[in-house]
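Enquirer: What follows is a structure written as structure tokens; I'll ask about it next.
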Protein chains: 2
Amino acid sequence: MENLDKKHVTTFEEHLEKRYGAPGTDQRIAFEAKAKAFAIGELIKEERRLSNMTQEELALKTGTKKSFISRIENGKSDIQLSTLYRILEIGLGKKVSFTIE
Amino acid sequence: MENLDKKHVTTFEEHLEKRYGAPGTDQRIAFEAKAKAFAIGELIKEERRLSNMTQEELALKTGTKKSFISRIENGKSDIQLSTLYRILEIGLGKKVSFTIE
DNA sequence: ATTCTTGTACCATTATTCGTTAACTTTACG
DNA sequence: CGTAAAGTTAACGAATAATGGTACAAGAAT
């Protein structure tokens with residue numbers, strides 16, 4: 001094995017930097033926030049399953065369709081705040097609050 | 001003063017019911033979630049002032065413009081989740097987490 | 001009162017969510 | 001297996017968030 005490159009990407013942080021620019025830059029800021037936002041679907045999926053509901057049931061309770069729930073759970077949408085409230089608070093019967101430390 | 005109506009709207013809850021339907025209905029669900037979402041601006045404004053920042057400084061940090069921050073703080077937008085993260089986490093250095101009870 | 005800073009209001013454009021239907025895929029189970 | 005339920009995906013229009021810019025208004029400081 002020879003060393004083709006003097007320097008190559010190894011860590012995830014280096015990858016991000018190469019791909020989206022250094023931390024603090026506009027592009028990078030947007031990327032990081034988006035990544036977090038899209039990850040909320042996992043939490044929703046978890047909570048839904050704990051509540052023993054199907055996507056269709058959750059959709060019915062929140063006044064939407066199962067296809068929309070699926071999109072969210074699979075991280076395909078940067079949902080609006082009201083949508084998060086609708087699903088977590090009303091659909092799953094959990095009380096949501098922001099913890100700001 | 002005469003009593004024109006046998007029954008009239010008095011409480012806020014009655015007003016909501018008349019206007020947006022009974023609790024549990026789709027329209028009402030959407031309304032309540034929207035109301036909460038638009039109210040997040042107050043929290044942001046509060047946190048920003050505690051951090052001794054101007055709207056312009058916050059805007060710069062989050063890669064946007066002060067006019068946008070102003071709109072949010074005054075409850076004129078149902079922001080996306082990534083926008084919340086950008087402002088509270090990246091802009092104000094607060095850790096945002098959802099507490100689900 | 002005048003200037004400087006901070007914040008708000010508008011406008012135009014772009015990008016994305018939301019709502020929905022329908023078709024398709026995967027999973028569960030008799 | 002085969003079939004039904006559950007979940008995913010694509011596609012569409014409509015509504016609206018995001019963005020950049022500019023002009024205006026309100027407050028603070030001198």
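Identifiers for the structure tokens are assigned positionally: chains receive A, B, ... in sequence, residues are indexed from 1 per chain, and ligands are indexed from 1 in the order shown.
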Write out as a PyMOL selection string the residues lying within 12 Å of D:DT22, counting only C-alpha atoms (C1' of nucleotides) and excluding same-chain residues fewer than 6 positions away.

Expert: (chain B and resi 67) or (chain C and resi 9-12)

Enquirer: With a distance cut-off of 9 Å and only C-alpha atoms (C1' of nucleotides), select the neighbouring residues of A:Lys36, excluding the residue or stretch itself and same-chain residues fewer than 4 positions from it, and output the selection as a list in words.

Expert: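 Final neighbour list, sorted by chain and number: Phe31, Glu32 and Ile40 of chain A; Leu81, Ser82 and Tyr85 of chain B.
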
Enquirer: Residues of stretch 5-61 of chain A that approach stretch 2-19 of chain D to 9 Å or less, counting only C-alpha atoms (C1' of nucleotides): could you list each one with the shortest pair of atoms and its distance in Å to one decimal, rows by chain and increasing residue number, as a Markdown table?

Expert:
```
| residue | atom | partner | partner_atom | distance |
| --- | --- | --- | --- | --- |
| A:Thr54 | CA | D:DA6 | C1' | 7.3 |
| A:Gln55 | CA | D:DG7 | C1' | 7.8 |
| A:Glu56 | CA | D:DA6 | C1' | 8.5 |
```

Enquirer: Provide the atom C1' of C:DC18 to atom CA of A:Ala33 distance in Å, to one decimal place.

Expert: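 Going from atom C1' of C:DC18 over to atom CA of A:Ala33 covers 20.9 Å.
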
Enquirer: Which residues of chain C are close to chain B, meaning at most 10 Å apart when you count only C-alpha atoms (C1' of nucleotides), and how do they look as a ChimeraX atom specification?

Expert: /C:5-9,16-17

Enquirer: Pick out the residues sitting within 12 Å of A:Gln27, and hand them over as a list in words; count only C-alpha atoms (C1' of nucleotides), and ignore anything fewer than 3 positions along from it in its own chain.

Expert: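 Contacts, with the query itself left out: Leu16, Glu17, Lys18, Arg19, Tyr20, Gly21, Ala22, Pro23, Gly24, Ala30, Phe31, Glu32, Ala33 and Lys34 of chain A; Lys61, Thr62, Gly63, Thr64 and Arg86 of chain B.
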
Enquirer: Quick one: pull the distance between atom CA of B:Gly93 and atom CA of B:Phe38, Å, one decimal.

Expert: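 Atom-to-atom, atom CA of B:Gly93 and atom CA of B:Phe38 are spaced 21.4 Å apart.
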
Enquirer: DSSP says strand (DSSP E) for which residues of stretch 2-101 of chain B? Put them as a ChimeraX atom specification?

Expert: /B:96-100

Enquirer: What does the distance from atom CA of B:Glu14 to atom CA of B:Asp26 come to in Å, to one decimal?

Expert: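 Interatomic distance, atom CA of B:Glu14 to atom CA of B:Asp26: 16.9 Å.
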
Enquirer: Counting only C-alpha atoms (C1' of nucleotides), collect the residues of chain B whose closest atom lies at most 9 Å from chain D, and write them out as number ranges by chain.

Expert: B: 64-65, 68, 77-80

Enquirer: Where does DSSP see helix (DSSP H, G or I) in chain A, if you list the residues as a PyMOL selection string?

Expert: chain A and resi 12-20+26-38+40-50+55-62+66-73+81-91

Enquirer: Quick one: everything within 12 Å of A:Thr99, counting only C-alpha atoms (C1' of nucleotides), minus sequence neighbours fewer than 3 positions away in the same chain. Send it as an MDAnalysis selection string.

Expert: (chainID A and resid 96) or (chainID B and resid 43 88:89 94:100)

Enquirer: Produce a file of the selected residues containing all heavy atoms, as a tab-separated table (two decimals), in the first residue's frame.

Expert:
```
chain	number	residue	atom	x	y	z
A	96	VAL	N	-44.78	18.61	24.73
A	96	VAL	CA	-43.47	19.01	24.25
A	96	VAL	C	-43.06	20.34	24.84
A	96	VAL	O	-43.85	21.25	24.97
A	96	VAL	CB	-43.49	19.19	22.72
A	96	VAL	CG1	-42.14	19.66	22.23
A	96	VAL	CG2	-43.87	17.90	22.05
B	43	LEU	N	-39.58	33.95	22.81
B	43	LEU	CA	-38.48	33.27	23.50
B	43	LEU	C	-37.14	33.66	22.90
B	43	LEU	O	-36.17	33.94	23.62
B	43	LEU	CB	-38.68	31.76	23.40
B	43	LEU	CG	-37.53	30.89	23.89
B	43	LEU	CD1	-37.32	31.09	25.38
B	43	LEU	CD2	-37.80	29.42	23.59
B	88	LEU	N	-31.18	29.44	17.86
B	88	LEU	CA	-30.96	29.19	19.28
B	88	LEU	C	-29.63	28.51	19.56
B	88	LEU	O	-28.92	28.88	20.49
B	88	LEU	CB	-32.12	28.36	19.84
B	88	LEU	CG	-33.41	29.14	20.09
B	88	LEU	CD1	-34.49	28.22	20.64
B	88	LEU	CD2	-33.17	30.27	21.07
B	89	GLU	N	-29.28	27.51	18.78
B	89	GLU	CA	-28.06	26.77	19.07
B	89	GLU	C	-26.82	27.46	18.53
B	89	GLU	O	-25.87	27.72	19.26
B	89	GLU	CB	-28.15	25.36	18.48
B	89	GLU	CG	-29.15	24.49	19.23
B	89	GLU	CD	-28.76	23.02	19.19
B	89	GLU	OE1	-27.86	22.64	18.40
B	89	GLU	OE2	-29.36	22.25	19.93
B	94	LYS	N	-27.28	28.27	22.71
B	94	LYS	CA	-28.12	27.54	23.67
B	94	LYS	C	-28.36	26.14	23.11
B	94	LYS	O	-28.52	25.97	21.91
B	94	LYS	CB	-29.47	28.24	23.84
B	94	LYS	CG	-29.36	29.71	24.09
B	94	LYS	CD	-29.14	30.00	25.55
B	94	LYS	CE	-28.98	31.49	25.76
B	94	LYS	NZ	-28.79	31.85	27.16
B	95	LYS	N	-28.43	25.21	23.99
B	95	LYS	CA	-28.70	23.85	23.55
B	95	LYS	C	-30.20	23.63	23.53
B	95	LYS	O	-30.88	23.78	24.54
B	95	LYS	CB	-28.03	22.85	24.50
B	95	LYS	CG	-28.03	21.45	23.96
B	95	LYS	CD	-27.09	20.57	24.76
B	95	LYS	CE	-27.00	19.18	24.14
B	95	LYS	NZ	-26.12	18.31	24.95
B	96	VAL	N	-30.69	23.27	22.38
B	96	VAL	CA	-32.13	23.04	22.24
B	96	VAL	C	-32.41	21.56	22.32
B	96	VAL	O	-31.80	20.76	21.64
B	96	VAL	CB	-32.65	23.56	20.89
B	96	VAL	CG1	-34.12	23.21	20.74
B	96	VAL	CG2	-32.44	25.04	20.79
B	97	SER	N	-33.33	21.20	23.17
B	97	SER	CA	-33.76	19.80	23.18
B	97	SER	C	-35.24	19.74	23.50
B	97	SER	O	-35.78	20.62	24.16
B	97	SER	CB	-32.97	19.02	24.21
B	97	SER	OG	-33.21	19.52	25.50
B	98	PHE	N	-35.87	18.74	22.96
B	98	PHE	CA	-37.30	18.60	23.18
B	98	PHE	C	-37.54	17.70	24.36
B	98	PHE	O	-37.00	16.60	24.42
B	98	PHE	CB	-37.97	18.05	21.94
B	98	PHE	CG	-37.75	18.92	20.75
B	98	PHE	CD1	-36.82	18.58	19.79
B	98	PHE	CD2	-38.44	20.10	20.62
B	98	PHE	CE1	-36.59	19.39	18.71
B	98	PHE	CE2	-38.21	20.93	19.54
B	98	PHE	CZ	-37.29	20.57	18.59
B	99	THR	N	-38.29	18.18	25.28
B	99	THR	CA	-38.64	17.38	26.44
B	99	THR	C	-40.03	16.84	26.22
B	99	THR	O	-40.99	17.60	26.08
B	99	THR	CB	-38.61	18.24	27.72
B	99	THR	OG1	-37.35	18.87	27.79
B	99	THR	CG2	-38.82	17.38	28.94
B	100	ILE	N	-40.12	15.56	26.18
B	100	ILE	CA	-41.41	14.93	25.94
B	100	ILE	C	-41.86	14.21	27.19
B	100	ILE	O	-41.25	13.26	27.62
B	100	ILE	CB	-41.31	13.95	24.77
B	100	ILE	CG1	-40.82	14.68	23.54
B	100	ILE	CG2	-42.64	13.30	24.51
B	100	ILE	CD1	-40.62	13.78	22.37
```

Enquirer: Restricting the calculation to only C-alpha atoms: of B:Met53, B:Leu60, B:Ala37, B:Gly91, which residue gets closest to chain A?

Expert: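 Result for the nearest residue to chain A: B:Ala37.
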